[in-house]
Amino acid sequence: MRDLVHLEHRGIPAVGVATAPFADEAIEQARLLGMPDCRVVYTGHPVQLLSADELDHRADAILPEVLAALTAPQLGPAA
């Protein structure tokens with residue numbers, strides 16, 4: 001989240017990716033970093049035991065959502 005906020009403050013659109021069980025933590029960290037409305041896409045959990053092919057499939061599955069978030073107007077202070 002820190003990198004995402006840093007990029008957004010520099011005017012570079014960014015999207016965080018987290019697993020669904022960590023949504024609350026991602027939202028709280030973004031709030032503490034001053035960007036509560038940052039763009040985050042959530043994927044299924046867990047990911048640590050997935051093979052490279054499974055991770056590729058997971059990334060391909062959320063790519064449309066990531067691209068949509070990157071091209072949507074940013075809400076909040078970074079806009």
# chains A, B, ... in the order shown; residues from 1 in each chain; ligands from 1

$ select_by_dssp --residues "chain A" --states "alpha helix (DSSP H)" --output "NGL selection string"
:A and (2-9 or 23-32 or 52-71)

$ closest_residue --among "A:Arg10, A:Ser51, A:His45, A:Arg2" --to "Glu28 in chain A" --atoms "only C-alpha atoms"
A:Arg2

$ select_by_dssp --residues "chain A" --states "strand (DSSP E or B)" --output "PyMOL selection string"
chain A and resi 16-19+40-43

$ write_last_selection --atoms "N, CA and C atoms" --output "short mmCIF file (atom, residue, chain, number, x, y, z; two decimals), in the first residue's frame"
data_model
loop_
_atom_site.label_atom_id
_atom_site.label_comp_id
_atom_site.auth_asym_id
_atom_site.auth_seq_id
_atom_site.Cartn_x
_atom_site.Cartn_y
_atom_site.Cartn_z
N GLY A 16 -3.72 -1.46 -5.96
CA GLY A 16 -3.23 -2.50 -5.07
C GLY A 16 -3.93 -3.80 -5.36
N VAL A 17 -3.25 -4.90 -5.12
CA VAL A 17 -3.85 -6.23 -5.25
C VAL A 17 -3.64 -6.94 -3.92
N ALA A 18 -4.73 -7.43 -3.36
CA ALA A 18 -4.67 -8.14 -2.08
C ALA A 18 -5.65 -9.30 -2.12
N THR A 19 -5.44 -10.25 -1.23
CA THR A 19 -6.41 -11.33 -1.14
C THR A 19 -7.57 -10.87 -0.25
N VAL A 40 -8.08 -0.71 -5.05
CA VAL A 40 -7.59 -2.03 -4.67
C VAL A 40 -8.47 -3.08 -5.32
N VAL A 41 -7.85 -4.11 -5.85
CA VAL A 41 -8.55 -5.25 -6.42
C VAL A 41 -8.24 -6.45 -5.54
N TYR A 42 -9.27 -7.23 -5.26
CA TYR A 42 -9.09 -8.38 -4.37
C TYR A 42 -9.19 -9.67 -5.17
N THR A 43 -8.38 -10.63 -4.77
CA THR A 43 -8.38 -11.95 -5.39
C THR A 43 -8.58 -12.99 -4.30
#

$ residues_around --residues "Ala61 in chain A" --least-positions-apart "4" --cutoff "12 Å" --atoms "only C-alpha atoms" --output "ChimeraX atom specification"
/A:41-44,54-57,65-67

$ write_last_selection --atoms "N, CA and C atoms" --output "short mmCIF file (atom, residue, chain, number, x, y, z; two decimals), in the first residue's frame"
data_model
loop_
_atom_site.label_atom_id
_atom_site.label_comp_id
_atom_site.auth_asym_id
_atom_site.auth_seq_id
_atom_site.Cartn_x
_atom_site.Cartn_y
_atom_site.Cartn_z
N VAL A 41 -7.85 -4.11 -5.85
CA VAL A 41 -8.55 -5.25 -6.42
C VAL A 41 -8.24 -6.45 -5.54
N TYR A 42 -9.27 -7.23 -5.26
CA TYR A 42 -9.09 -8.38 -4.37
C TYR A 42 -9.19 -9.67 -5.17
N THR A 43 -8.38 -10.63 -4.77
CA THR A 43 -8.38 -11.95 -5.39
C THR A 43 -8.58 -12.99 -4.30
N GLY A 44 -8.78 -14.21 -4.72
CA GLY A 44 -9.02 -15.28 -3.76
C GLY A 44 -7.80 -15.57 -2.89
N GLU A 54 -0.77 -21.37 -11.83
CA GLU A 54 -1.99 -20.99 -11.10
C GLU A 54 -1.99 -19.49 -10.80
N LEU A 55 -0.83 -18.94 -10.43
CA LEU A 55 -0.73 -17.50 -10.19
C LEU A 55 -0.99 -16.71 -11.48
N ASP A 56 -0.45 -17.21 -12.59
CA ASP A 56 -0.70 -16.56 -13.88
C ASP A 56 -2.20 -16.53 -14.18
N HIS A 57 -2.86 -17.66 -13.95
CA HIS A 57 -4.31 -17.73 -14.19
C HIS A 57 -5.05 -16.75 -13.28
N GLU A 65 -10.34 -6.17 -14.17
CA GLU A 65 -10.70 -5.32 -13.03
C GLU A 65 -9.59 -4.32 -12.71
N VAL A 66 -8.34 -4.77 -12.82
CA VAL A 66 -7.19 -3.88 -12.59
C VAL A 66 -7.19 -2.77 -13.63
N LEU A 67 -7.36 -3.14 -14.90
CA LEU A 67 -7.38 -2.13 -15.97
C LEU A 67 -8.54 -1.15 -15.80
#

$ residues_around --residues "Pro36 in chain A" --least-positions-apart "4" --cutoff "7 Å" --atoms "only C-alpha atoms" --output "VMD selection string"
chain A and resid 27 30 to 31

$ atom_distance --atom1 "CA of Ala68 in chain A" --atom2 "CA of Gln48 in chain A"
25.6 Å

$ atom_distance --atom1 "CA of His9 in chain A" --atom2 "CA of Asp60 in chain A"
27.3 Å

$ decode --residues "range 33-73 of chain A" --atoms "N, CA and C atoms" --output "PDB file, in the first residue's frame"
ATOM      1  N   LEU A  33      -2.292   5.910   5.646  1.00  0.00           N
ATOM      2  CA  LEU A  33      -1.352   6.560   4.740  1.00  0.00           C
ATOM      3  C   LEU A  33      -1.965   7.774   4.045  1.00  0.00           C
ATOM      4  N   GLY A  34      -3.201   8.116   4.417  1.00  0.00           N
ATOM      5  CA  GLY A  34      -3.839   9.310   3.888  1.00  0.00           C
ATOM      6  C   GLY A  34      -4.548   9.127   2.561  1.00  0.00           C
ATOM      7  N   MET A  35      -4.818   7.896   2.161  1.00  0.00           N
ATOM      8  CA  MET A  35      -5.497   7.654   0.900  1.00  0.00           C
ATOM      9  C   MET A  35      -6.565   6.564   1.065  1.00  0.00           C
ATOM     10  N   PRO A  36      -7.624   6.883   1.801  1.00  0.00           N
ATOM     11  CA  PRO A  36      -8.634   5.859   2.079  1.00  0.00           C
ATOM     12  C   PRO A  36      -9.401   5.388   0.848  1.00  0.00           C
ATOM     13  N   ASP A  37      -9.389   6.173  -0.214  1.00  0.00           N
ATOM     14  CA  ASP A  37     -10.139   5.810  -1.416  1.00  0.00           C
ATOM     15  C   ASP A  37      -9.249   5.244  -2.514  1.00  0.00           C
ATOM     16  N   CYS A  38      -8.094   4.703  -2.139  1.00  0.00           N
ATOM     17  CA  CYS A  38      -7.208   4.165  -3.167  1.00  0.00           C
ATOM     18  C   CYS A  38      -7.865   2.965  -3.849  1.00  0.00           C
ATOM     19  N   ARG A  39      -7.355   2.662  -5.011  1.00  0.00           N
ATOM     20  CA  ARG A  39      -7.912   1.569  -5.811  1.00  0.00           C
ATOM     21  C   ARG A  39      -7.250   0.256  -5.401  1.00  0.00           C
ATOM     22  N   VAL A  40      -8.081  -0.710  -5.052  1.00  0.00           N
ATOM     23  CA  VAL A  40      -7.588  -2.035  -4.666  1.00  0.00           C
ATOM     24  C   VAL A  40      -8.472  -3.081  -5.323  1.00  0.00           C
ATOM     25  N   VAL A  41      -7.847  -4.109  -5.852  1.00  0.00           N
ATOM     26  CA  VAL A  41      -8.554  -5.253  -6.425  1.00  0.00           C
ATOM     27  C   VAL A  41      -8.236  -6.451  -5.542  1.00  0.00           C
ATOM     28  N   TYR A  42      -9.267  -7.226  -5.255  1.00  0.00           N
ATOM     29  CA  TYR A  42      -9.092  -8.381  -4.373  1.00  0.00           C
ATOM     30  C   TYR A  42      -9.191  -9.671  -5.171  1.00  0.00           C
ATOM     31  N   THR A  43      -8.379 -10.633  -4.772  1.00  0.00           N
ATOM     32  CA  THR A  43      -8.384 -11.948  -5.392  1.00  0.00           C
ATOM     33  C   THR A  43      -8.579 -12.990  -4.297  1.00  0.00           C
ATOM     34  N   GLY A  44      -8.783 -14.210  -4.718  1.00  0.00           N
ATOM     35  CA  GLY A  44      -9.020 -15.284  -3.761  1.00  0.00           C
ATOM     36  C   GLY A  44      -7.801 -15.574  -2.894  1.00  0.00           C
ATOM     37  N   HIS A  45      -8.068 -16.242  -1.812  1.00  0.00           N
ATOM     38  CA  HIS A  45      -7.039 -16.577  -0.831  1.00  0.00           C
ATOM     39  C   HIS A  45      -7.042 -18.089  -0.669  1.00  0.00           C
ATOM     40  N   PRO A  46      -5.939 -18.698  -0.479  1.00  0.00           N
ATOM     41  CA  PRO A  46      -4.581 -18.186  -0.352  1.00  0.00           C
ATOM     42  C   PRO A  46      -3.894 -18.151  -1.714  1.00  0.00           C
ATOM     43  N   VAL A  47      -2.752 -17.489  -1.776  1.00  0.00           N
ATOM     44  CA  VAL A  47      -1.953 -17.476  -2.997  1.00  0.00           C
ATOM     45  C   VAL A  47      -0.577 -18.090  -2.789  1.00  0.00           C
ATOM     46  N   GLN A  48      -0.111 -18.185  -1.564  1.00  0.00           N
ATOM     47  CA  GLN A  48       1.266 -18.612  -1.315  1.00  0.00           C
ATOM     48  C   GLN A  48       1.552 -20.039  -1.756  1.00  0.00           C
ATOM     49  N   LEU A  49       0.552 -20.883  -1.851  1.00  0.00           N
ATOM     50  CA  LEU A  49       0.789 -22.277  -2.235  1.00  0.00           C
ATOM     51  C   LEU A  49       0.508 -22.554  -3.713  1.00  0.00           C
ATOM     52  N   LEU A  50       0.145 -21.526  -4.470  1.00  0.00           N
ATOM     53  CA  LEU A  50      -0.174 -21.716  -5.881  1.00  0.00           C
ATOM     54  C   LEU A  50       1.096 -21.878  -6.710  1.00  0.00           C
ATOM     55  N   SER A  51       0.980 -22.658  -7.767  1.00  0.00           N
ATOM     56  CA  SER A  51       2.090 -22.796  -8.709  1.00  0.00           C
ATOM     57  C   SER A  51       2.173 -21.530  -9.563  1.00  0.00           C
ATOM     58  N   ALA A  52       3.245 -21.399 -10.305  1.00  0.00           N
ATOM     59  CA  ALA A  52       3.408 -20.239 -11.191  1.00  0.00           C
ATOM     60  C   ALA A  52       2.263 -20.177 -12.195  1.00  0.00           C
ATOM     61  N   ASP A  53       1.866 -21.325 -12.747  1.00  0.00           N
ATOM     62  CA  ASP A  53       0.753 -21.344 -13.705  1.00  0.00           C
ATOM     63  C   ASP A  53      -0.555 -20.917 -13.044  1.00  0.00           C
ATOM     64  N   GLU A  54      -0.772 -21.374 -11.828  1.00  0.00           N
ATOM     65  CA  GLU A  54      -1.987 -20.987 -11.104  1.00  0.00           C
ATOM     66  C   GLU A  54      -1.987 -19.489 -10.797  1.00  0.00           C
ATOM     67  N   LEU A  55      -0.831 -18.941 -10.432  1.00  0.00           N
ATOM     68  CA  LEU A  55      -0.731 -17.500 -10.189  1.00  0.00           C
ATOM     69  C   LEU A  55      -0.985 -16.713 -11.477  1.00  0.00           C
ATOM     70  N   ASP A  56      -0.448 -17.205 -12.593  1.00  0.00           N
ATOM     71  CA  ASP A  56      -0.702 -16.558 -13.878  1.00  0.00           C
ATOM     72  C   ASP A  56      -2.196 -16.534 -14.182  1.00  0.00           C
ATOM     73  N   HIS A  57      -2.856 -17.657 -13.948  1.00  0.00           N
ATOM     74  CA  HIS A  57      -4.307 -17.730 -14.188  1.00  0.00           C
ATOM     75  C   HIS A  57      -5.054 -16.748 -13.282  1.00  0.00           C
ATOM     76  N   ARG A  58      -4.646 -16.668 -12.031  1.00  0.00           N
ATOM     77  CA  ARG A  58      -5.274 -15.750 -11.074  1.00  0.00           C
ATOM     78  C   ARG A  58      -5.082 -14.300 -11.539  1.00  0.00           C
ATOM     79  N   ALA A  59      -3.868 -13.973 -11.982  1.00  0.00           N
ATOM     80  CA  ALA A  59      -3.587 -12.612 -12.468  1.00  0.00           C
ATOM     81  C   ALA A  59      -4.399 -12.310 -13.718  1.00  0.00           C
ATOM     82  N   ASP A  60      -4.466 -13.262 -14.634  1.00  0.00           N
ATOM     83  CA  ASP A  60      -5.268 -13.061 -15.848  1.00  0.00           C
ATOM     84  C   ASP A  60      -6.729 -12.819 -15.509  1.00  0.00           C
ATOM     85  N   ALA A  61      -7.225 -13.501 -14.480  1.00  0.00           N
ATOM     86  CA  ALA A  61      -8.636 -13.381 -14.101  1.00  0.00           C
ATOM     87  C   ALA A  61      -8.973 -11.990 -13.567  1.00  0.00           C
ATOM     88  N   ILE A  62      -8.035 -11.341 -12.888  1.00  0.00           N
ATOM     89  CA  ILE A  62      -8.338 -10.018 -12.321  1.00  0.00           C
ATOM     90  C   ILE A  62      -7.851  -8.870 -13.195  1.00  0.00           C
ATOM     91  N   LEU A  63      -7.131  -9.185 -14.282  1.00  0.00           N
ATOM     92  CA  LEU A  63      -6.598  -8.120 -15.137  1.00  0.00           C
ATOM     93  C   LEU A  63      -7.669  -7.141 -15.624  1.00  0.00           C
ATOM     94  N   PRO A  64      -8.846  -7.589 -16.083  1.00  0.00           N
ATOM     95  CA  PRO A  64      -9.860  -6.616 -16.504  1.00  0.00           C
ATOM     96  C   PRO A  64     -10.266  -5.657 -15.381  1.00  0.00           C
ATOM     97  N   GLU A  65     -10.345  -6.167 -14.173  1.00  0.00           N
ATOM     98  CA  GLU A  65     -10.704  -5.321 -13.029  1.00  0.00           C
ATOM     99  C   GLU A  65      -9.586  -4.323 -12.706  1.00  0.00           C
ATOM    100  N   VAL A  66      -8.340  -4.773 -12.822  1.00  0.00           N
ATOM    101  CA  VAL A  66      -7.194  -3.878 -12.587  1.00  0.00           C
ATOM    102  C   VAL A  66      -7.190  -2.771 -13.632  1.00  0.00           C
ATOM    103  N   LEU A  67      -7.365  -3.138 -14.898  1.00  0.00           N
ATOM    104  CA  LEU A  67      -7.381  -2.129 -15.966  1.00  0.00           C
ATOM    105  C   LEU A  67      -8.543  -1.149 -15.795  1.00  0.00           C
ATOM    106  N   ALA A  68      -9.692  -1.651 -15.405  1.00  0.00           N
ATOM    107  CA  ALA A  68     -10.842  -0.763 -15.169  1.00  0.00           C
ATOM    108  C   ALA A  68     -10.552   0.201 -14.034  1.00  0.00           C
ATOM    109  N   ALA A  69      -9.918  -0.285 -12.979  1.00  0.00           N
ATOM    110  CA  ALA A  69      -9.593   0.587 -11.845  1.00  0.00           C
ATOM    111  C   ALA A  69      -8.563   1.628 -12.252  1.00  0.00           C
ATOM    112  N   LEU A  70      -7.598   1.258 -13.073  1.00  0.00           N
ATOM    113  CA  LEU A  70      -6.569   2.203 -13.498  1.00  0.00           C
ATOM    114  C   LEU A  70      -7.115   3.298 -14.397  1.00  0.00           C
ATOM    115  N   THR A  71      -8.140   2.989 -15.144  1.00  0.00           N
ATOM    116  CA  THR A  71      -8.672   3.959 -16.100  1.00  0.00           C
ATOM    117  C   THR A  71      -9.883   4.726 -15.569  1.00  0.00           C
ATOM    118  N   ALA A  72     -10.357   4.362 -14.390  1.00  0.00           N
ATOM    119  CA  ALA A  72     -11.494   5.072 -13.784  1.00  0.00           C
ATOM    120  C   ALA A  72     -10.979   6.324 -13.083  1.00  0.00           C
ATOM    121  N   PRO A  73     -11.793   7.354 -13.012  1.00  0.00           N
ATOM    122  CA  PRO A  73     -11.377   8.544 -12.262  1.00  0.00           C
ATOM    123  C   PRO A  73     -11.101   8.187 -10.809  1.00  0.00           C
TER     124      PRO A  73
END
